[in-house]
Amino acid sequence: MEQWLSDWCLTHLGTAPVGVLFEARQVSTVHGLRLADGRKIVLKARPDDGRADSCVAAQAQLSALDFPCARPLTPVISVGSLAVHAEEYRPGGEVIQGGSPEAATRYAEVFALLLTALGGISVTPPLPNPRWLRWDHRDPGLWPAIDFLDERDQRLVPEEVTETADRARRRLLAAELPNVLGHGDFEAQNLRWDVNDGWTVHDWDSLAWQPEAALAGAASGMFASTNPPTLAPVESSAMFLESYQDFRGRRFSPAEQEVAWAASLWPAAHNARWEALHDDPPICGAALREQAPERLRLANA
């Protein structure tokens, strides 16, 4: 265990960790720890890009309203270049695998409840948006500036990935819709389902500030993803969007429908670019190649 973890817990939680429950490293570094006083906690550290305060504040407000998510135990605290906070440990539940239309309906219900709950939350918008939803960037070129991706050989990215991303982004940027707060990484791996306790939503670091239709559209494409990510079948995304509108009790306008379909493509294009730049199996790349024409048609892009 790194010494700074022990020091941080002692300073901000009043006791030191005595064991490691788990560790995970993706965008954030996540440590599950057992403390000397018997508590089990999760400590999250991520590069401090200005988003964390809003994300943790929203999570705390949702938890206080008994929304099924982990309760933050501390505010965000800077440790060098990192933003760090602790939250309660909420183990248990299972991931629902697969991207069937039936699964899409279950996930759409949760997403509708989540967006409804977030509608009552007031925080500073968590900007910049997560990189896989950052089509609204103002950096030069198609993709947002991400140094560790930009430094790789961009000629490895298939032309169809770049073209799809460009057409989807143009449609998204043409939209004139208000932004709302929403979960920007609504993947299967970030939800846990339990037959008795319902479900729990994780990864609140990935809140986003985008139009509702765009958030729902992105979720409709990524809800089936575990690791590595994938793109749900077109018919399942259609079921997600239809069910989401039913659960929310309002219908998208024609323009919102197009924005939703355009947004379903951007995370997959980001992932396909990642695959190509890292020489990973083209899971998203293959799905994007197969589905892009229909999704672009539905997006009027």
# chains A, B, ... in the order shown; residues from 1 in each chain; ligands from 1
>>> residues_around(residues="Leu5 in chain A", least_positions_apart="3", cutoff="10 Å", atoms="only C-alpha atoms", output="PyMOL selection string")
chain A and resi 1-2+8-11+16-17+31+33+43
>>> residues_around(residues="Gly221 in chain A", least_positions_apart="4", cutoff="10 Å", atoms="only C-alpha atoms", output="PDB file with all heavy atoms, in the first residue's frame")
ATOM      1  N   GLY A  99     -26.616  -6.974 -24.694  1.00  0.00           N
ATOM      2  CA  GLY A  99     -27.254  -5.770 -25.210  1.00  0.00           C
ATOM      3  C   GLY A  99     -28.590  -6.040 -25.849  1.00  0.00           C
ATOM      4  O   GLY A  99     -28.934  -5.436 -26.870  1.00  0.00           O
ATOM      5  N   ALA A 104     -32.088  -3.408 -22.610  1.00  0.00           N
ATOM      6  CA  ALA A 104     -32.152  -1.976 -22.906  1.00  0.00           C
ATOM      7  C   ALA A 104     -33.274  -1.305 -22.139  1.00  0.00           C
ATOM      8  O   ALA A 104     -33.115  -0.200 -21.610  1.00  0.00           O
ATOM      9  CB  ALA A 104     -32.329  -1.767 -24.411  1.00  0.00           C
ATOM     10  N   PHE A 186     -22.683   5.548 -18.706  1.00  0.00           N
ATOM     11  CA  PHE A 186     -23.759   4.645 -18.293  1.00  0.00           C
ATOM     12  C   PHE A 186     -23.548   3.272 -18.930  1.00  0.00           C
ATOM     13  O   PHE A 186     -24.308   2.823 -19.783  1.00  0.00           O
ATOM     14  CB  PHE A 186     -25.108   5.235 -18.694  1.00  0.00           C
ATOM     15  CG  PHE A 186     -26.277   4.630 -17.968  1.00  0.00           C
ATOM     16  CD1 PHE A 186     -26.471   4.864 -16.616  1.00  0.00           C
ATOM     17  CD2 PHE A 186     -27.180   3.821 -18.640  1.00  0.00           C
ATOM     18  CE1 PHE A 186     -27.556   4.310 -15.954  1.00  0.00           C
ATOM     19  CE2 PHE A 186     -28.257   3.254 -17.981  1.00  0.00           C
ATOM     20  CZ  PHE A 186     -28.449   3.492 -16.640  1.00  0.00           C
ATOM     21  N   GLU A 187     -22.478   2.616 -18.491  1.00  0.00           N
ATOM     22  CA  GLU A 187     -22.132   1.293 -18.976  1.00  0.00           C
ATOM     23  C   GLU A 187     -22.579   0.235 -17.987  1.00  0.00           C
ATOM     24  O   GLU A 187     -22.701   0.498 -16.785  1.00  0.00           O
ATOM     25  CB  GLU A 187     -20.625   1.181 -19.184  1.00  0.00           C
ATOM     26  CG  GLU A 187     -20.076   2.104 -20.251  1.00  0.00           C
ATOM     27  CD  GLU A 187     -18.596   1.895 -20.506  1.00  0.00           C
ATOM     28  OE1 GLU A 187     -17.898   1.378 -19.613  1.00  0.00           O
ATOM     29  OE2 GLU A 187     -18.146   2.232 -21.618  1.00  0.00           O
ATOM     30  N   ALA A 216     -29.049  10.717 -23.276  1.00  0.00           N
ATOM     31  CA  ALA A 216     -29.800   9.477 -23.462  1.00  0.00           C
ATOM     32  C   ALA A 216     -29.283   8.713 -24.672  1.00  0.00           C
ATOM     33  O   ALA A 216     -29.184   7.477 -24.651  1.00  0.00           O
ATOM     34  CB  ALA A 216     -31.294   9.780 -23.622  1.00  0.00           C
ATOM     35  N   GLY A 217     -28.957   9.429 -25.728  1.00  0.00           N
ATOM     36  CA  GLY A 217     -28.430   8.768 -26.919  1.00  0.00           C
ATOM     37  C   GLY A 217     -27.099   8.093 -26.656  1.00  0.00           C
ATOM     38  O   GLY A 217     -26.877   6.951 -27.086  1.00  0.00           O
ATOM     39  N   SER A 225     -21.919  -2.063 -22.405  1.00  0.00           N
ATOM     40  CA  SER A 225     -20.464  -2.180 -22.334  1.00  0.00           C
ATOM     41  C   SER A 225     -19.983  -2.647 -20.966  1.00  0.00           C
ATOM     42  O   SER A 225     -20.453  -2.175 -19.927  1.00  0.00           O
ATOM     43  CB  SER A 225     -19.810  -0.834 -22.648  1.00  0.00           C
ATOM     44  OG  SER A 225     -19.976  -0.494 -24.006  1.00  0.00           O
ATOM     45  N   THR A 230     -18.214  -1.778 -25.950  1.00  0.00           N
ATOM     46  CA  THR A 230     -18.790  -2.163 -27.232  1.00  0.00           C
ATOM     47  C   THR A 230     -19.856  -1.139 -27.615  1.00  0.00           C
ATOM     48  O   THR A 230     -20.041  -0.127 -26.931  1.00  0.00           O
ATOM     49  CB  THR A 230     -19.381  -3.573 -27.144  1.00  0.00           C
ATOM     50  OG1 THR A 230     -19.783  -3.992 -28.460  1.00  0.00           O
ATOM     51  CG2 THR A 230     -20.582  -3.633 -26.222  1.00  0.00           C
ATOM     52  N   LEU A 231     -20.553  -1.394 -28.689  1.00  0.00           N
ATOM     53  CA  LEU A 231     -21.674  -0.576 -29.131  1.00  0.00           C
ATOM     54  C   LEU A 231     -22.889  -1.483 -29.201  1.00  0.00           C
ATOM     55  O   LEU A 231     -22.851  -2.527 -29.859  1.00  0.00           O
ATOM     56  CB  LEU A 231     -21.383   0.045 -30.503  1.00  0.00           C
ATOM     57  CG  LEU A 231     -22.494   0.864 -31.167  1.00  0.00           C
ATOM     58  CD1 LEU A 231     -22.869   2.071 -30.310  1.00  0.00           C
ATOM     59  CD2 LEU A 231     -22.063   1.321 -32.559  1.00  0.00           C
ATOM     60  N   ALA A 232     -23.962  -1.107 -28.507  1.00  0.00           N
ATOM     61  CA  ALA A 232     -25.169  -1.931 -28.499  1.00  0.00           C
ATOM     62  C   ALA A 232     -25.742  -2.047 -29.911  1.00  0.00           C
ATOM     63  O   ALA A 232     -25.527  -1.174 -30.755  1.00  0.00           O
ATOM     64  CB  ALA A 232     -26.210  -1.318 -27.565  1.00  0.00           C
ATOM     65  N   PRO A 233     -26.480  -3.120 -30.220  1.00  0.00           N
ATOM     66  CA  PRO A 233     -27.145  -3.218 -31.521  1.00  0.00           C
ATOM     67  C   PRO A 233     -28.106  -2.057 -31.754  1.00  0.00           C
ATOM     68  O   PRO A 233     -28.661  -1.497 -30.803  1.00  0.00           O
ATOM     69  CB  PRO A 233     -27.898  -4.553 -31.425  1.00  0.00           C
ATOM     70  CG  PRO A 233     -27.175  -5.333 -30.377  1.00  0.00           C
ATOM     71  CD  PRO A 233     -26.691  -4.318 -29.387  1.00  0.00           C
ATOM     72  N   VAL A 234     -28.312  -1.705 -33.004  1.00  0.00           N
ATOM     73  CA  VAL A 234     -29.185  -0.581 -33.341  1.00  0.00           C
ATOM     74  C   VAL A 234     -30.577  -0.779 -32.759  1.00  0.00           C
ATOM     75  O   VAL A 234     -31.165   0.152 -32.184  1.00  0.00           O
ATOM     76  CB  VAL A 234     -29.269  -0.387 -34.869  1.00  0.00           C
ATOM     77  CG1 VAL A 234     -30.328   0.651 -35.222  1.00  0.00           C
ATOM     78  CG2 VAL A 234     -27.921   0.038 -35.430  1.00  0.00           C
ATOM     79  N   SER A 236     -31.466  -2.371 -30.155  1.00  0.00           N
ATOM     80  CA  SER A 236     -31.462  -2.203 -28.704  1.00  0.00           C
ATOM     81  C   SER A 236     -31.351  -0.735 -28.324  1.00  0.00           C
ATOM     82  O   SER A 236     -31.976  -0.286 -27.355  1.00  0.00           O
ATOM     83  CB  SER A 236     -30.325  -3.018 -28.087  1.00  0.00           C
ATOM     84  OG  SER A 236     -30.529  -4.399 -28.309  1.00  0.00           O
ATOM     85  N   SER A 237     -30.567   0.030 -29.071  1.00  0.00           N
ATOM     86  CA  SER A 237     -30.522   1.470 -28.834  1.00  0.00           C
ATOM     87  C   SER A 237     -31.891   2.096 -29.084  1.00  0.00           C
ATOM     88  O   SER A 237     -32.331   2.985 -28.348  1.00  0.00           O
ATOM     89  CB  SER A 237     -29.473   2.128 -29.736  1.00  0.00           C
ATOM     90  OG  SER A 237     -28.167   1.780 -29.339  1.00  0.00           O
ATOM     91  N   ALA A 238     -32.578   1.646 -30.132  1.00  0.00           N
ATOM     92  CA  ALA A 238     -33.915   2.157 -30.418  1.00  0.00           C
ATOM     93  C   ALA A 238     -34.869   1.849 -29.272  1.00  0.00           C
ATOM     94  O   ALA A 238     -35.669   2.701 -28.862  1.00  0.00           O
ATOM     95  CB  ALA A 238     -34.437   1.562 -31.724  1.00  0.00           C
ATOM     96  N   PHE A 240     -33.995   1.323 -26.123  1.00  0.00           N
ATOM     97  CA  PHE A 240     -33.581   2.160 -24.996  1.00  0.00           C
ATOM     98  C   PHE A 240     -34.211   3.547 -25.109  1.00  0.00           C
ATOM     99  O   PHE A 240     -34.800   4.055 -24.141  1.00  0.00           O
ATOM    100  CB  PHE A 240     -32.056   2.258 -24.969  1.00  0.00           C
ATOM    101  CG  PHE A 240     -31.498   3.005 -23.784  1.00  0.00           C
ATOM    102  CD1 PHE A 240     -30.887   2.328 -22.750  1.00  0.00           C
ATOM    103  CD2 PHE A 240     -31.561   4.399 -23.710  1.00  0.00           C
ATOM    104  CE1 PHE A 240     -30.350   3.015 -21.655  1.00  0.00           C
ATOM    105  CE2 PHE A 240     -31.045   5.094 -22.628  1.00  0.00           C
ATOM    106  CZ  PHE A 240     -30.433   4.400 -21.603  1.00  0.00           C
ATOM    107  N   LEU A 241     -34.095   4.169 -26.276  1.00  0.00           N
ATOM    108  CA  LEU A 241     -34.602   5.524 -26.443  1.00  0.00           C
ATOM    109  C   LEU A 241     -36.122   5.577 -26.330  1.00  0.00           C
ATOM    110  O   LEU A 241     -36.685   6.489 -25.719  1.00  0.00           O
ATOM    111  CB  LEU A 241     -34.149   6.087 -27.791  1.00  0.00           C
ATOM    112  CG  LEU A 241     -32.647   6.344 -27.901  1.00  0.00           C
ATOM    113  CD1 LEU A 241     -32.268   6.700 -29.331  1.00  0.00           C
ATOM    114  CD2 LEU A 241     -32.210   7.443 -26.940  1.00  0.00           C
ATOM    115  N   ALA A 260     -29.997  12.391 -30.394  1.00  0.00           N
ATOM    116  CA  ALA A 260     -29.774  11.156 -29.638  1.00  0.00           C
ATOM    117  C   ALA A 260     -29.006  10.137 -30.476  1.00  0.00           C
ATOM    118  O   ALA A 260     -28.051   9.506 -29.990  1.00  0.00           O
ATOM    119  CB  ALA A 260     -31.106  10.575 -29.178  1.00  0.00           C
ATOM    120  N   TRP A 261     -29.374   9.986 -31.722  1.00  0.00           N
ATOM    121  CA  TRP A 261     -28.681   9.012 -32.572  1.00  0.00           C
ATOM    122  C   TRP A 261     -27.263   9.466 -32.897  1.00  0.00           C
ATOM    123  O   TRP A 261     -26.329   8.642 -32.944  1.00  0.00           O
ATOM    124  CB  TRP A 261     -29.486   8.761 -33.850  1.00  0.00           C
ATOM    125  CG  TRP A 261     -30.666   7.874 -33.606  1.00  0.00           C
ATOM    126  CD1 TRP A 261     -31.979   8.232 -33.556  1.00  0.00           C
ATOM    127  CD2 TRP A 261     -30.624   6.477 -33.331  1.00  0.00           C
ATOM    128  NE1 TRP A 261     -32.763   7.144 -33.271  1.00  0.00           N
ATOM    129  CE2 TRP A 261     -31.967   6.045 -33.128  1.00  0.00           C
ATOM    130  CE3 TRP A 261     -29.614   5.530 -33.225  1.00  0.00           C
ATOM    131  CZ2 TRP A 261     -32.298   4.726 -32.848  1.00  0.00           C
ATOM    132  CZ3 TRP A 261     -29.940   4.206 -32.939  1.00  0.00           C
ATOM    133  CH2 TRP A 261     -31.261   3.818 -32.756  1.00  0.00           C
ATOM    134  N   ALA A 263     -25.394  11.254 -30.902  1.00  0.00           N
ATOM    135  CA  ALA A 263     -24.632  11.059 -29.668  1.00  0.00           C
ATOM    136  C   ALA A 263     -24.322   9.598 -29.410  1.00  0.00           C
ATOM    137  O   ALA A 263     -23.328   9.277 -28.752  1.00  0.00           O
ATOM    138  CB  ALA A 263     -25.395  11.647 -28.483  1.00  0.00           C
ATOM    139  N   SER A 264     -25.139   8.696 -29.923  1.00  0.00           N
ATOM    140  CA  SER A 264     -24.863   7.271 -29.742  1.00  0.00           C
ATOM    141  C   SER A 264     -23.578   6.853 -30.438  1.00  0.00           C
ATOM    142  O   SER A 264     -22.979   5.824 -30.097  1.00  0.00           O
ATOM    143  CB  SER A 264     -26.039   6.431 -30.259  1.00  0.00           C
ATOM    144  OG  SER A 264     -26.054   6.350 -31.683  1.00  0.00           O
ATOM    145  N   LEU A 265     -23.142   7.647 -31.427  1.00  0.00           N
ATOM    146  CA  LEU A 265     -21.974   7.297 -32.222  1.00  0.00           C
ATOM    147  C   LEU A 265     -20.656   7.817 -31.641  1.00  0.00           C
ATOM    148  O   LEU A 265     -19.607   7.202 -31.828  1.00  0.00           O
ATOM    149  CB  LEU A 265     -22.125   7.865 -33.640  1.00  0.00           C
ATOM    150  CG  LEU A 265     -23.095   7.115 -34.559  1.00  0.00           C
ATOM    151  CD1 LEU A 265     -23.494   7.995 -35.726  1.00  0.00           C
ATOM    152  CD2 LEU A 265     -22.457   5.821 -35.037  1.00  0.00           C
ATOM    153  N   TRP A 266     -20.684   8.951 -30.948  1.00  0.00           N
ATOM    154  CA  TRP A 266     -19.432   9.580 -30.554  1.00  0.00           C
ATOM    155  C   TRP A 266     -18.615   8.737 -29.563  1.00  0.00           C
ATOM    156  O   TRP A 266     -17.407   8.555 -29.768  1.00  0.00           O
ATOM    157  CB  TRP A 266     -19.682  10.978 -29.993  1.00  0.00           C
ATOM    158  CG  TRP A 266     -18.398  11.672 -29.636  1.00  0.00           C
ATOM    159  CD1 TRP A 266     -17.770  11.665 -28.422  1.00  0.00           C
ATOM    160  CD2 TRP A 266     -17.546  12.419 -30.513  1.00  0.00           C
ATOM    161  NE1 TRP A 266     -16.591  12.373 -28.482  1.00  0.00           N
ATOM    162  CE2 TRP A 266     -16.434  12.850 -29.750  1.00  0.00           C
ATOM    163  CE3 TRP A 266     -17.621  12.775 -31.860  1.00  0.00           C
ATOM    164  CZ2 TRP A 266     -15.400  13.619 -30.293  1.00  0.00           C
ATOM    165  CZ3 TRP A 266     -16.594  13.538 -32.401  1.00  0.00           C
ATOM    166  CH2 TRP A 266     -15.510  13.942 -31.626  1.00  0.00           C
ATOM    167  N   PRO A 267     -19.207   8.185 -28.487  1.00  0.00           N
ATOM    168  CA  PRO A 267     -18.391   7.344 -27.598  1.00  0.00           C
ATOM    169  C   PRO A 267     -17.806   6.133 -28.320  1.00  0.00           C
ATOM    170  O   PRO A 267     -16.662   5.749 -28.066  1.00  0.00           O
ATOM    171  CB  PRO A 267     -19.368   6.928 -26.493  1.00  0.00           C
ATOM    172  CG  PRO A 267     -20.425   7.971 -26.501  1.00  0.00           C
ATOM    173  CD  PRO A 267     -20.577   8.352 -27.941  1.00  0.00           C
ATOM    174  N   ALA A 268     -18.581   5.531 -29.215  1.00  0.00           N
ATOM    175  CA  ALA A 268     -18.075   4.379 -29.965  1.00  0.00           C
ATOM    176  C   ALA A 268     -16.930   4.787 -30.883  1.00  0.00           C
ATOM    177  O   ALA A 268     -15.946   4.049 -31.040  1.00  0.00           O
ATOM    178  CB  ALA A 268     -19.205   3.738 -30.770  1.00  0.00           C
TER     179      ALA A 268
END
>>> residues_around(residues="Ala58 in chain A", least_positions_apart="3", cutoff="8 Å", atoms="only C-alpha atoms", output="ChimeraX atom specification")
/A:54-55,61-62,118,121-123
>>> residues_around(residues="range 114-116 of chain A", least_positions_apart="2", cutoff="10 Å", atoms="only C-alpha atoms", output="MDAnalysis selection string")
chainID A and resid 62 67:68 108:112 118:121 180:183 201 212 215:216 247:248
>>> write_last_selection(atoms="N, CA, C and O atoms", output="PDB file, in the first residue's frame")
ATOM      1  N   LEU A  62     -27.467  13.441  -4.081  1.00  0.00           N
ATOM      2  CA  LEU A  62     -28.283  12.284  -4.449  1.00  0.00           C
ATOM      3  C   LEU A  62     -28.340  11.273  -3.311  1.00  0.00           C
ATOM      4  O   LEU A  62     -29.403  10.722  -2.997  1.00  0.00           O
ATOM      5  N   PHE A  67     -31.001   8.172  -3.137  1.00  0.00           N
ATOM      6  CA  PHE A  67     -30.771   7.567  -4.440  1.00  0.00           C
ATOM      7  C   PHE A  67     -29.709   6.483  -4.266  1.00  0.00           C
ATOM      8  O   PHE A  67     -28.759   6.656  -3.502  1.00  0.00           O
ATOM      9  N   PRO A  68     -29.852   5.333  -4.942  1.00  0.00           N
ATOM     10  CA  PRO A  68     -28.920   4.219  -4.725  1.00  0.00           C
ATOM     11  C   PRO A  68     -27.536   4.461  -5.308  1.00  0.00           C
ATOM     12  O   PRO A  68     -27.228   4.099  -6.443  1.00  0.00           O
ATOM     13  N   ALA A 108     -32.842   1.624 -19.481  1.00  0.00           N
ATOM     14  CA  ALA A 108     -33.506   2.893 -19.791  1.00  0.00           C
ATOM     15  C   ALA A 108     -34.326   3.387 -18.607  1.00  0.00           C
ATOM     16  O   ALA A 108     -34.383   4.596 -18.339  1.00  0.00           O
ATOM     17  N   GLU A 109     -34.950   2.467 -17.874  1.00  0.00           N
ATOM     18  CA  GLU A 109     -35.727   2.872 -16.700  1.00  0.00           C
ATOM     19  C   GLU A 109     -34.822   3.505 -15.648  1.00  0.00           C
ATOM     20  O   GLU A 109     -35.146   4.550 -15.072  1.00  0.00           O
ATOM     21  N   VAL A 110     -33.678   2.874 -15.400  1.00  0.00           N
ATOM     22  CA  VAL A 110     -32.738   3.437 -14.429  1.00  0.00           C
ATOM     23  C   VAL A 110     -32.245   4.802 -14.893  1.00  0.00           C
ATOM     24  O   VAL A 110     -32.159   5.756 -14.101  1.00  0.00           O
ATOM     25  N   PHE A 111     -31.927   4.922 -16.177  1.00  0.00           N
ATOM     26  CA  PHE A 111     -31.410   6.194 -16.683  1.00  0.00           C
ATOM     27  C   PHE A 111     -32.468   7.294 -16.564  1.00  0.00           C
ATOM     28  O   PHE A 111     -32.140   8.444 -16.247  1.00  0.00           O
ATOM     29  N   ALA A 112     -33.722   6.957 -16.800  1.00  0.00           N
ATOM     30  CA  ALA A 112     -34.788   7.945 -16.656  1.00  0.00           C
ATOM     31  C   ALA A 112     -34.927   8.379 -15.199  1.00  0.00           C
ATOM     32  O   ALA A 112     -35.082   9.577 -14.901  1.00  0.00           O
ATOM     33  N   LEU A 118     -31.364  13.868 -10.952  1.00  0.00           N
ATOM     34  CA  LEU A 118     -30.357  14.900 -11.177  1.00  0.00           C
ATOM     35  C   LEU A 118     -30.989  16.245 -11.534  1.00  0.00           C
ATOM     36  O   LEU A 118     -30.365  17.289 -11.349  1.00  0.00           O
ATOM     37  N   GLY A 119     -32.229  16.208 -12.029  1.00  0.00           N
ATOM     38  CA  GLY A 119     -32.912  17.459 -12.345  1.00  0.00           C
ATOM     39  C   GLY A 119     -33.129  18.337 -11.129  1.00  0.00           C
ATOM     40  O   GLY A 119     -33.297  19.558 -11.261  1.00  0.00           O
ATOM     41  N   GLY A 120     -33.123  17.736  -9.941  1.00  0.00           N
ATOM     42  CA  GLY A 120     -33.300  18.508  -8.711  1.00  0.00           C
ATOM     43  C   GLY A 120     -32.001  18.858  -8.015  1.00  0.00           C
ATOM     44  O   GLY A 120     -32.015  19.397  -6.907  1.00  0.00           O
ATOM     45  N   ILE A 121     -30.873  18.555  -8.649  1.00  0.00           N
ATOM     46  CA  ILE A 121     -29.558  18.789  -8.059  1.00  0.00           C
ATOM     47  C   ILE A 121     -28.963  20.068  -8.624  1.00  0.00           C
ATOM     48  O   ILE A 121     -29.005  20.311  -9.836  1.00  0.00           O
ATOM     49  N   VAL A 180     -28.216  19.732 -19.532  1.00  0.00           N
ATOM     50  CA  VAL A 180     -28.661  19.254 -18.227  1.00  0.00           C
ATOM     51  C   VAL A 180     -27.556  18.380 -17.644  1.00  0.00           C
ATOM     52  O   VAL A 180     -26.622  17.977 -18.337  1.00  0.00           O
ATOM     53  N   LEU A 181     -27.689  18.070 -16.373  1.00  0.00           N
ATOM     54  CA  LEU A 181     -26.730  17.213 -15.691  1.00  0.00           C
ATOM     55  C   LEU A 181     -27.137  15.761 -15.887  1.00  0.00           C
ATOM     56  O   LEU A 181     -28.305  15.401 -15.716  1.00  0.00           O
ATOM     57  N   GLY A 182     -26.169  14.923 -16.272  1.00  0.00           N
ATOM     58  CA  GLY A 182     -26.479  13.513 -16.498  1.00  0.00           C
ATOM     59  C   GLY A 182     -25.265  12.642 -16.307  1.00  0.00           C
ATOM     60  O   GLY A 182     -24.125  13.125 -16.275  1.00  0.00           O
ATOM     61  N   HIS A 183     -25.499  11.349 -16.184  1.00  0.00           N
ATOM     62  CA  HIS A 183     -24.412  10.379 -16.041  1.00  0.00           C
ATOM     63  C   HIS A 183     -23.824  10.129 -17.425  1.00  0.00           C
ATOM     64  O   HIS A 183     -24.523   9.742 -18.348  1.00  0.00           O
ATOM     65  N   VAL A 201     -25.937   2.606  -8.763  1.00  0.00           N
ATOM     66  CA  VAL A 201     -25.195   3.259  -9.836  1.00  0.00           C
ATOM     67  C   VAL A 201     -23.840   3.722  -9.289  1.00  0.00           C
ATOM     68  O   VAL A 201     -23.774   4.359  -8.234  1.00  0.00           O
ATOM     69  N   GLU A 212     -30.251  16.691 -22.816  1.00  0.00           N
ATOM     70  CA  GLU A 212     -30.836  15.434 -22.345  1.00  0.00           C
ATOM     71  C   GLU A 212     -30.860  14.377 -23.446  1.00  0.00           C
ATOM     72  O   GLU A 212     -30.519  13.206 -23.206  1.00  0.00           O
ATOM     73  N   LEU A 215     -27.408  12.904 -23.907  1.00  0.00           N
ATOM     74  CA  LEU A 215     -27.041  12.005 -22.818  1.00  0.00           C
ATOM     75  C   LEU A 215     -27.757  10.665 -22.961  1.00  0.00           C
ATOM     76  O   LEU A 215     -27.155   9.600 -22.790  1.00  0.00           O
ATOM     77  N   ALA A 216     -29.049  10.717 -23.276  1.00  0.00           N
ATOM     78  CA  ALA A 216     -29.800   9.477 -23.462  1.00  0.00           C
ATOM     79  C   ALA A 216     -29.283   8.713 -24.672  1.00  0.00           C
ATOM     80  O   ALA A 216     -29.184   7.477 -24.651  1.00  0.00           O
ATOM     81  N   PHE A 247     -40.586   6.222 -19.805  1.00  0.00           N
ATOM     82  CA  PHE A 247     -40.364   6.349 -18.366  1.00  0.00           C
ATOM     83  C   PHE A 247     -40.265   7.808 -17.932  1.00  0.00           C
ATOM     84  O   PHE A 247     -40.664   8.158 -16.820  1.00  0.00           O
ATOM     85  N   ARG A 248     -39.743   8.656 -18.796  1.00  0.00           N
ATOM     86  CA  ARG A 248     -39.655  10.083 -18.482  1.00  0.00           C
ATOM     87  C   ARG A 248     -40.991  10.795 -18.659  1.00  0.00           C
ATOM     88  O   ARG A 248     -41.201  11.891 -18.140  1.00  0.00           O
TER      89      ARG A 248
END
>>> closest_residue(among="A:Pro158, A:Pro101, A:Pro126, A:Pro144", to="Gly184 in chain A", atoms="only C-alpha atoms")
A:Pro126
>>> closest_residue(among="A:Ala276, A:Ile96, A:Ala36, A:Val20", to="Arg152 in chain A", atoms="only C-alpha atoms")
A:Ala276
>>> select_by_dssp(residues="range 177-276 of chain A", states="strand (DSSP E)", output="PyMOL selection string")
chain A and resi 179-183+191-194+198-201+207-211
>>> write_last_selection(atoms="N, CA, C and O atoms", output="CSV table (one decimal), in the first residue's frame")
chain,number,residue,atom,x,y,z
A,179,ASN,N,-28.5,22.4,-21.9
A,179,ASN,CA,-27.8,21.3,-21.3
A,179,ASN,C,-28.4,21.0,-19.9
A,179,ASN,O,-29.0,21.8,-19.2
A,180,VAL,N,-28.2,19.7,-19.5
A,180,VAL,CA,-28.7,19.3,-18.2
A,180,VAL,C,-27.6,18.4,-17.6
A,180,VAL,O,-26.6,18.0,-18.3
A,181,LEU,N,-27.7,18.1,-16.4
A,181,LEU,CA,-26.7,17.2,-15.7
A,181,LEU,C,-27.1,15.8,-15.9
A,181,LEU,O,-28.3,15.4,-15.7
A,182,GLY,N,-26.2,14.9,-16.3
A,182,GLY,CA,-26.5,13.5,-16.5
A,182,GLY,C,-25.3,12.6,-16.3
A,182,GLY,O,-24.1,13.1,-16.3
A,183,HIS,N,-25.5,11.3,-16.2
A,183,HIS,CA,-24.4,10.4,-16.0
A,183,HIS,C,-23.8,10.1,-17.4
A,183,HIS,O,-24.5,9.7,-18.3
A,191,LEU,N,-23.1,-0.4,-13.2
A,191,LEU,CA,-24.4,-0.6,-12.4
A,191,LEU,C,-24.3,-2.0,-11.8
A,191,LEU,O,-23.7,-2.9,-12.4
A,192,ARG,N,-24.9,-2.2,-10.7
A,192,ARG,CA,-25.0,-3.5,-10.0
A,192,ARG,C,-26.4,-3.7,-9.7
A,192,ARG,O,-27.1,-2.9,-9.1
A,193,TRP,N,-26.9,-4.9,-10.0
A,193,TRP,CA,-28.3,-5.3,-9.8
A,193,TRP,C,-28.4,-6.4,-8.7
A,193,TRP,O,-27.6,-7.3,-8.7
A,194,ASP,N,-29.3,-6.3,-7.8
A,194,ASP,CA,-29.5,-7.2,-6.8
A,194,ASP,C,-31.0,-7.6,-6.7
A,194,ASP,O,-31.9,-6.7,-6.7
A,198,GLY,N,-32.5,-4.1,-5.5
A,198,GLY,CA,-32.7,-3.3,-6.7
A,198,GLY,C,-31.3,-3.1,-7.4
A,198,GLY,O,-30.7,-4.0,-7.7
A,199,TRP,N,-30.9,-1.8,-7.5
A,199,TRP,CA,-29.7,-1.6,-8.2
A,199,TRP,C,-28.9,-0.4,-7.6
A,199,TRP,O,-29.5,0.4,-6.8
A,200,THR,N,-27.7,-0.3,-8.0
A,200,THR,CA,-26.8,0.7,-7.5
A,200,THR,C,-26.0,1.3,-8.7
A,200,THR,O,-25.5,0.5,-9.5
A,201,VAL,N,-25.9,2.6,-8.8
A,201,VAL,CA,-25.2,3.3,-9.8
A,201,VAL,C,-23.8,3.7,-9.3
A,201,VAL,O,-23.8,4.4,-8.2
A,207,LEU,N,-20.0,12.4,-14.4
A,207,LEU,CA,-21.2,13.3,-14.8
A,207,LEU,C,-20.8,14.2,-15.9
A,207,LEU,O,-19.7,14.5,-16.1
A,208,ALA,N,-21.8,14.5,-16.7
A,208,ALA,CA,-21.6,15.3,-17.9
A,208,ALA,C,-22.7,16.4,-18.0
A,208,ALA,O,-23.7,16.4,-17.3
A,209,TRP,N,-22.4,17.4,-18.8
A,209,TRP,CA,-23.3,18.6,-19.0
A,209,TRP,C,-23.6,18.7,-20.4
A,209,TRP,O,-22.8,19.3,-21.2
A,210,GLN,N,-24.6,18.1,-20.9
A,210,GLN,CA,-25.0,18.0,-22.3
A,210,GLN,C,-26.5,18.0,-22.4
A,210,GLN,O,-27.2,17.8,-21.4
A,211,PRO,N,-27.1,18.2,-23.6
A,211,PRO,CA,-28.5,18.1,-23.8
A,211,PRO,C,-29.0,16.7,-23.4
A,211,PRO,O,-28.4,15.7,-23.5
>>> select_by_dssp(residues="range 150-297 of chain A", states="helix (DSSP H, G or I)", output="PyMOL selection string")
chain A and resi 150+154-156+159-174+188-190+204-206+212-222+234-248+254-278+283-297
>>> residues_around(residues="Ser253 in chain A", least_positions_apart="3", cutoff="12 Å", atoms="only C-alpha atoms", output="list in words")
Ala175, Leu177, Glu212, Ala213, Gln245, Arg250, Glu256, Gln257, Glu258, Val259 and Ala260 of chain A
